[in-house]
Amino acid sequence: MEIHFFAQHYGMTYEEVLLKLRAAGLESLPGGGAEIFHPEVRSRISHDKATAEEYLEVHRVAHRLGMRTNSTMLYGHIETFEHRVDHLMRLRALQDETGGMQAFIPLAFHPDGNGMKNLPAPTAVDDLRTIAVSRLVLDNVPHIKAYWVSLTPDVAQIALRFGADDIDGTIVHETIYLAAGTRSPSGLGYDELVRLIREAGRTPIERDTLYNVVREHPRSAIPEAALKVRDRKAQRHLAVVE
């Protein structure tokens with residue numbers, strides 16, 4: 001959305017905007033503002049934003065310039081499953097064409113503090129189904145993110161068993177979902193993220209923006225929860241450490 005805005009505001013092409021930003025150090029795009037592509041929904045919830053075609057064209061140009069991008073989808077409001085599938089298929093087609101998309105991030109709708117506050121938020125089952133279907137449909141996109149701020153840490157952890165391979169980072173100061181009434185904390189500690197991933201039976205890997213490995217943690221031989229059960233059966237959990 002920002003690239004589209006700059007292009008309109010300064011009378012430039014998408015390529016000209018991206019080249020200037022890349023020269024200043026920009027290497028990737030986060031993909032926000034996709035919402036739902038289908039015009040039946042987009043005309044009602046984000047008529048003042050770029051069209052689906054314009055959003056996709058920004059990504060197409062960025063990929064042609066060698067930049068990597070993420071993409072998103074805001075689900076759980078007035079859209080239908082058909083609208084969600086249409087959204088995913090458009091992203092799949094772009095990825096088949098360019099191969100420049102590195103991650104897809106489904107974003108759960110939160111109703112507080114906006115014009116659709118009368119609608120219920122999606123349930124955990126819908127969250128997990130959306131993650132799983134996204135992984136199946138977008139088999140040409142390397143990574144599916146379960147954004148814990150949107151889902152809550154508990155649901156994001158479960159999503160690691162439903163097709164997601166990324167739950168995001170510690171996050172210092174998130175404001176969008178906070179204003180929309182999220183039940184998630186404002187941030188998670190590094191060690192807590194490692195614990196969540198290990199408890200899901202996955203290997204914690206710290207990465208950079210472009211998914212290069214920074215640090216790979218050893219995978220626990222026995223999950224912490226299993227240790228707690230074992231100690232409880234042996235009544236060691238009753239011991240008090242001085």
# chains A, B, ... in the order shown; residues from 1 in each chain; ligands from 1
>>> select_by_dssp(residues="region 3-239 of chain A", states="helix (DSSP H, G or I)", output="PyMOL selection string")
chain A and resi 3-10+14-23+39-45+52-64+81-98+124-137+148-151+153-159+176-179+190-199+224-233+236-238
>>> write_last_selection(atoms="C-alpha atoms", output="mmCIF file, in the first residue's frame")
data_model
loop_
_atom_site.group_PDB
_atom_site.id
_atom_site.type_symbol
_atom_site.label_atom_id
_atom_site.label_comp_id
_atom_site.auth_asym_id
_atom_site.auth_seq_id
_atom_site.Cartn_x
_atom_site.Cartn_y
_atom_site.Cartn_z
ATOM 1 C CA ILE A 3 4.526 1.887 -2.519
ATOM 2 C CA HIS A 4 1.246 2.534 -4.332
ATOM 3 C CA PHE A 5 0.707 5.686 -2.266
ATOM 4 C CA PHE A 6 4.201 7.025 -2.989
ATOM 5 C CA ALA A 7 3.749 6.365 -6.703
ATOM 6 C CA GLN A 8 0.484 8.301 -6.786
ATOM 7 C CA HIS A 9 1.658 11.097 -4.508
ATOM 8 C CA TYR A 10 4.895 11.798 -6.382
ATOM 9 C CA TYR A 14 6.176 1.575 -8.984
ATOM 10 C CA GLU A 15 9.594 0.731 -10.389
ATOM 11 C CA GLU A 16 10.905 4.265 -9.847
ATOM 12 C CA VAL A 17 9.703 4.266 -6.220
ATOM 13 C CA LEU A 18 11.171 0.843 -5.510
ATOM 14 C CA LEU A 19 14.507 1.693 -7.121
ATOM 15 C CA LYS A 20 14.856 4.792 -4.946
ATOM 16 C CA LEU A 21 13.956 2.865 -1.796
ATOM 17 C CA ARG A 22 16.243 -0.011 -2.707
ATOM 18 C CA ALA A 23 19.101 2.430 -3.214
ATOM 19 C CA PRO A 39 -14.138 -6.644 -5.411
ATOM 20 C CA GLU A 40 -17.375 -7.698 -3.677
ATOM 21 C CA VAL A 41 -15.545 -7.437 -0.360
ATOM 22 C CA ARG A 42 -12.787 -4.960 -1.162
ATOM 23 C CA SER A 43 -15.243 -2.294 -2.301
ATOM 24 C CA ARG A 44 -16.912 -2.467 1.122
ATOM 25 C CA ILE A 45 -14.013 -2.756 3.564
ATOM 26 C CA ALA A 52 -6.103 -6.068 -5.944
ATOM 27 C CA GLU A 53 -4.527 -5.642 -9.368
ATOM 28 C CA GLU A 54 -2.449 -2.680 -8.161
ATOM 29 C CA TYR A 55 -1.345 -4.541 -5.020
ATOM 30 C CA LEU A 56 -0.232 -7.528 -7.063
ATOM 31 C CA GLU A 57 1.518 -5.312 -9.618
ATOM 32 C CA VAL A 58 3.661 -3.731 -6.876
ATOM 33 C CA HIS A 59 4.804 -7.223 -5.912
ATOM 34 C CA ARG A 60 5.347 -8.188 -9.545
ATOM 35 C CA VAL A 61 7.618 -5.183 -10.098
ATOM 36 C CA ALA A 62 9.476 -5.786 -6.828
ATOM 37 C CA HIS A 63 10.111 -9.411 -7.803
ATOM 38 C CA ARG A 64 11.364 -8.340 -11.214
ATOM 39 C CA PHE A 81 -14.744 -19.089 1.836
ATOM 40 C CA GLU A 82 -15.060 -18.449 -1.895
ATOM 41 C CA HIS A 83 -13.515 -15.012 -1.437
ATOM 42 C CA ARG A 84 -10.644 -16.492 0.572
ATOM 43 C CA VAL A 85 -9.925 -19.112 -2.074
ATOM 44 C CA ASP A 86 -10.012 -16.441 -4.789
ATOM 45 C CA HIS A 87 -7.447 -14.463 -2.775
ATOM 46 C CA LEU A 88 -5.145 -17.454 -2.375
ATOM 47 C CA MET A 89 -5.398 -18.422 -6.032
ATOM 48 C CA ARG A 90 -4.416 -14.924 -7.164
ATOM 49 C CA LEU A 91 -1.335 -15.088 -4.952
ATOM 50 C CA ARG A 92 -0.534 -18.569 -6.210
ATOM 51 C CA ALA A 93 -0.745 -17.374 -9.825
ATOM 52 C CA LEU A 94 1.605 -14.458 -9.102
ATOM 53 C CA GLN A 95 4.073 -16.776 -7.392
ATOM 54 C CA ASP A 96 3.977 -19.173 -10.352
ATOM 55 C CA GLU A 97 4.810 -16.193 -12.553
ATOM 56 C CA THR A 98 7.564 -14.538 -10.500
ATOM 57 C CA ALA A 124 -9.476 -20.932 16.781
ATOM 58 C CA VAL A 125 -10.835 -23.667 14.514
ATOM 59 C CA ASP A 126 -11.210 -21.160 11.676
ATOM 60 C CA ASP A 127 -7.693 -19.861 12.357
ATOM 61 C CA LEU A 128 -6.182 -23.337 12.111
ATOM 62 C CA ARG A 129 -8.256 -24.271 9.064
ATOM 63 C CA THR A 130 -7.078 -21.110 7.311
ATOM 64 C CA ILE A 131 -3.436 -21.901 8.096
ATOM 65 C CA ALA A 132 -3.827 -25.484 6.847
ATOM 66 C CA VAL A 133 -5.621 -24.532 3.623
ATOM 67 C CA SER A 134 -3.080 -21.783 2.955
ATOM 68 C CA ARG A 135 -0.247 -24.288 3.238
ATOM 69 C CA LEU A 136 -1.992 -26.668 0.829
ATOM 70 C CA VAL A 137 -2.976 -24.066 -1.769
ATOM 71 C CA TRP A 148 0.992 -14.896 17.276
ATOM 72 C CA VAL A 149 -0.216 -11.330 17.876
ATOM 73 C CA SER A 150 -3.219 -12.057 15.672
ATOM 74 C CA LEU A 151 -3.863 -15.625 16.822
ATOM 75 C CA PRO A 153 0.531 -17.451 21.340
ATOM 76 C CA ASP A 154 -1.427 -20.621 22.203
ATOM 77 C CA VAL A 155 -3.180 -20.881 18.817
ATOM 78 C CA ALA A 156 0.008 -19.899 16.961
ATOM 79 C CA GLN A 157 1.826 -22.734 18.719
ATOM 80 C CA ILE A 158 -0.827 -25.232 17.610
ATOM 81 C CA ALA A 159 -0.643 -23.784 14.088
ATOM 82 C CA ILE A 176 -2.754 -2.330 15.333
ATOM 83 C CA TYR A 177 -4.059 -5.480 16.991
ATOM 84 C CA LEU A 178 -3.826 -3.870 20.436
ATOM 85 C CA ALA A 179 -6.293 -1.220 19.285
ATOM 86 C CA TYR A 190 13.088 -14.725 23.255
ATOM 87 C CA ASP A 191 13.163 -17.712 25.606
ATOM 88 C CA GLU A 192 9.371 -17.969 25.621
ATOM 89 C CA LEU A 193 9.281 -18.182 21.824
ATOM 90 C CA VAL A 194 11.911 -20.924 21.887
ATOM 91 C CA ARG A 195 9.844 -22.787 24.494
ATOM 92 C CA LEU A 196 6.616 -22.492 22.470
ATOM 93 C CA ILE A 197 8.328 -23.897 19.381
ATOM 94 C CA ARG A 198 10.002 -26.741 21.252
ATOM 95 C CA GLU A 199 6.746 -27.674 22.989
ATOM 96 C CA GLU A 224 9.117 -29.835 28.690
ATOM 97 C CA ALA A 225 5.526 -30.917 29.204
ATOM 98 C CA ALA A 226 6.569 -34.569 29.077
ATOM 99 C CA LEU A 227 9.194 -33.909 31.747
ATOM 100 C CA LYS A 228 6.544 -32.336 33.961
ATOM 101 C CA VAL A 229 4.300 -35.378 33.612
ATOM 102 C CA ARG A 230 7.193 -37.727 34.397
ATOM 103 C CA ASP A 231 8.202 -35.720 37.467
ATOM 104 C CA ARG A 232 4.608 -35.508 38.644
ATOM 105 C CA LYS A 233 4.231 -39.277 38.529
ATOM 106 C CA ARG A 236 9.223 -34.866 42.355
ATOM 107 C CA HIS A 237 7.040 -31.877 41.511
ATOM 108 C CA LEU A 238 6.231 -31.625 45.234
#
>>> residues_around(residues="Arg207 (chain A)", least_positions_apart="4", cutoff="12 Å", atoms="only C-alpha atoms", output="MDAnalysis selection string")
chainID A and resid 165:169 211:217
>>> select_by_dssp(residues="region 78-214 of chain A", states="strand (DSSP E or B)", output="PyMOL selection string")
chain A and resi 101-108+143-145+166+205-207+213-214
>>> write_last_selection(atoms="N, CA, C and O atoms", output="PDB file, in the first residue's frame")
ATOM      1  N   MET A 101       7.832 -14.415  -3.889  1.00  0.00           N
ATOM      2  CA  MET A 101       7.152 -14.328  -2.600  1.00  0.00           C
ATOM      3  C   MET A 101       7.804 -15.303  -1.624  1.00  0.00           C
ATOM      4  O   MET A 101       7.954 -16.484  -1.920  1.00  0.00           O
ATOM      5  N   GLN A 102       8.178 -14.812  -0.455  1.00  0.00           N
ATOM      6  CA  GLN A 102       8.866 -15.675   0.501  1.00  0.00           C
ATOM      7  C   GLN A 102       7.961 -16.170   1.625  1.00  0.00           C
ATOM      8  O   GLN A 102       8.239 -17.220   2.224  1.00  0.00           O
ATOM      9  N   ALA A 103       6.879 -15.456   1.919  1.00  0.00           N
ATOM     10  CA  ALA A 103       6.019 -15.877   3.025  1.00  0.00           C
ATOM     11  C   ALA A 103       4.598 -15.352   2.830  1.00  0.00           C
ATOM     12  O   ALA A 103       4.383 -14.283   2.252  1.00  0.00           O
ATOM     13  N   PHE A 104       3.633 -16.141   3.327  1.00  0.00           N
ATOM     14  CA  PHE A 104       2.232 -15.732   3.347  1.00  0.00           C
ATOM     15  C   PHE A 104       1.786 -15.647   4.791  1.00  0.00           C
ATOM     16  O   PHE A 104       2.072 -16.537   5.599  1.00  0.00           O
ATOM     17  N   ILE A 105       1.060 -14.577   5.128  1.00  0.00           N
ATOM     18  CA  ILE A 105       0.653 -14.324   6.508  1.00  0.00           C
ATOM     19  C   ILE A 105      -0.858 -14.123   6.571  1.00  0.00           C
ATOM     20  O   ILE A 105      -1.359 -13.037   6.256  1.00  0.00           O
ATOM     21  N   PRO A 106      -1.634 -15.134   6.968  1.00  0.00           N
ATOM     22  CA  PRO A 106      -3.064 -14.929   7.201  1.00  0.00           C
ATOM     23  C   PRO A 106      -3.245 -14.109   8.481  1.00  0.00           C
ATOM     24  O   PRO A 106      -2.650 -14.418   9.517  1.00  0.00           O
ATOM     25  N   LEU A 107      -4.055 -13.072   8.410  1.00  0.00           N
ATOM     26  CA  LEU A 107      -4.271 -12.190   9.550  1.00  0.00           C
ATOM     27  C   LEU A 107      -5.722 -12.296  10.004  1.00  0.00           C
ATOM     28  O   LEU A 107      -6.641 -11.976   9.248  1.00  0.00           O
ATOM     29  N   ALA A 108      -5.938 -12.739  11.232  1.00  0.00           N
ATOM     30  CA  ALA A 108      -7.293 -12.891  11.761  1.00  0.00           C
ATOM     31  C   ALA A 108      -7.906 -11.529  12.052  1.00  0.00           C
ATOM     32  O   ALA A 108      -7.269 -10.665  12.662  1.00  0.00           O
ATOM     33  N   HIS A 143       7.109 -20.181   2.945  1.00  0.00           N
ATOM     34  CA  HIS A 143       6.806 -20.088   4.370  1.00  0.00           C
ATOM     35  C   HIS A 143       5.378 -19.597   4.615  1.00  0.00           C
ATOM     36  O   HIS A 143       4.885 -18.700   3.922  1.00  0.00           O
ATOM     37  N   ILE A 144       4.732 -20.186   5.622  1.00  0.00           N
ATOM     38  CA  ILE A 144       3.421 -19.748   6.098  1.00  0.00           C
ATOM     39  C   ILE A 144       3.589 -19.296   7.542  1.00  0.00           C
ATOM     40  O   ILE A 144       4.078 -20.060   8.385  1.00  0.00           O
ATOM     41  N   LYS A 145       3.183 -18.070   7.822  1.00  0.00           N
ATOM     42  CA  LYS A 145       3.371 -17.529   9.169  1.00  0.00           C
ATOM     43  C   LYS A 145       2.083 -17.588   9.976  1.00  0.00           C
ATOM     44  O   LYS A 145       1.017 -17.196   9.509  1.00  0.00           O
ATOM     45  N   ASP A 166       6.400 -20.597  10.996  1.00  0.00           N
ATOM     46  CA  ASP A 166       6.921 -19.323  11.488  1.00  0.00           C
ATOM     47  C   ASP A 166       5.854 -18.712  12.394  1.00  0.00           C
ATOM     48  O   ASP A 166       4.670 -18.669  12.018  1.00  0.00           O
ATOM     49  N   ILE A 205      14.413 -21.907  15.150  1.00  0.00           N
ATOM     50  CA  ILE A 205      15.454 -21.333  14.298  1.00  0.00           C
ATOM     51  C   ILE A 205      15.253 -19.819  14.239  1.00  0.00           C
ATOM     52  O   ILE A 205      14.202 -19.347  13.805  1.00  0.00           O
ATOM     53  N   GLU A 206      16.249 -19.092  14.681  1.00  0.00           N
ATOM     54  CA  GLU A 206      16.216 -17.633  14.559  1.00  0.00           C
ATOM     55  C   GLU A 206      16.627 -17.272  13.138  1.00  0.00           C
ATOM     56  O   GLU A 206      17.585 -17.819  12.602  1.00  0.00           O
ATOM     57  N   ARG A 207      15.891 -16.351  12.527  1.00  0.00           N
ATOM     58  CA  ARG A 207      16.142 -15.991  11.131  1.00  0.00           C
ATOM     59  C   ARG A 207      16.224 -14.479  10.990  1.00  0.00           C
ATOM     60  O   ARG A 207      15.855 -13.731  11.892  1.00  0.00           O
ATOM     61  N   VAL A 213      19.285 -18.200   8.019  1.00  0.00           N
ATOM     62  CA  VAL A 213      19.409 -18.715   9.385  1.00  0.00           C
ATOM     63  C   VAL A 213      20.442 -17.898  10.153  1.00  0.00           C
ATOM     64  O   VAL A 213      21.580 -17.723   9.716  1.00  0.00           O
ATOM     65  N   VAL A 214      20.038 -17.392  11.317  1.00  0.00           N
ATOM     66  CA  VAL A 214      20.933 -16.675  12.222  1.00  0.00           C
ATOM     67  C   VAL A 214      21.451 -17.619  13.297  1.00  0.00           C
ATOM     68  O   VAL A 214      22.639 -17.641  13.615  1.00  0.00           O
TER      69      VAL A 214
END
>>> residues_around(residues="Leu119 (chain A)", least_positions_apart="3", cutoff="7 Å", atoms="only C-alpha atoms", output="ChimeraX atom specification")
/A:77,111,116
>>> write_last_selection(atoms="C-alpha atoms", output="compact mmCIF listing (two decimals), in the first residue's frame")
# COMPACT_ATOMS: atom_id res chain seq x y z
CA HIS A 77 -15.14 -10.59 8.66
CA PRO A 111 -13.64 -6.50 15.59
CA MET A 116 -17.21 -3.85 11.79
>>> closest_residue(among="A:Glu27, A:Glu2, A:Asp112, A:Asp139", to="Arg68 (chain A)", atoms="only C-alpha atoms")
A:Glu27
>>> closest_residue(among="A:Ala200, A:Ala50, A:Val141, A:Met12", to="Glu35 (chain A)", atoms="only C-alpha atoms")
A:Ala50
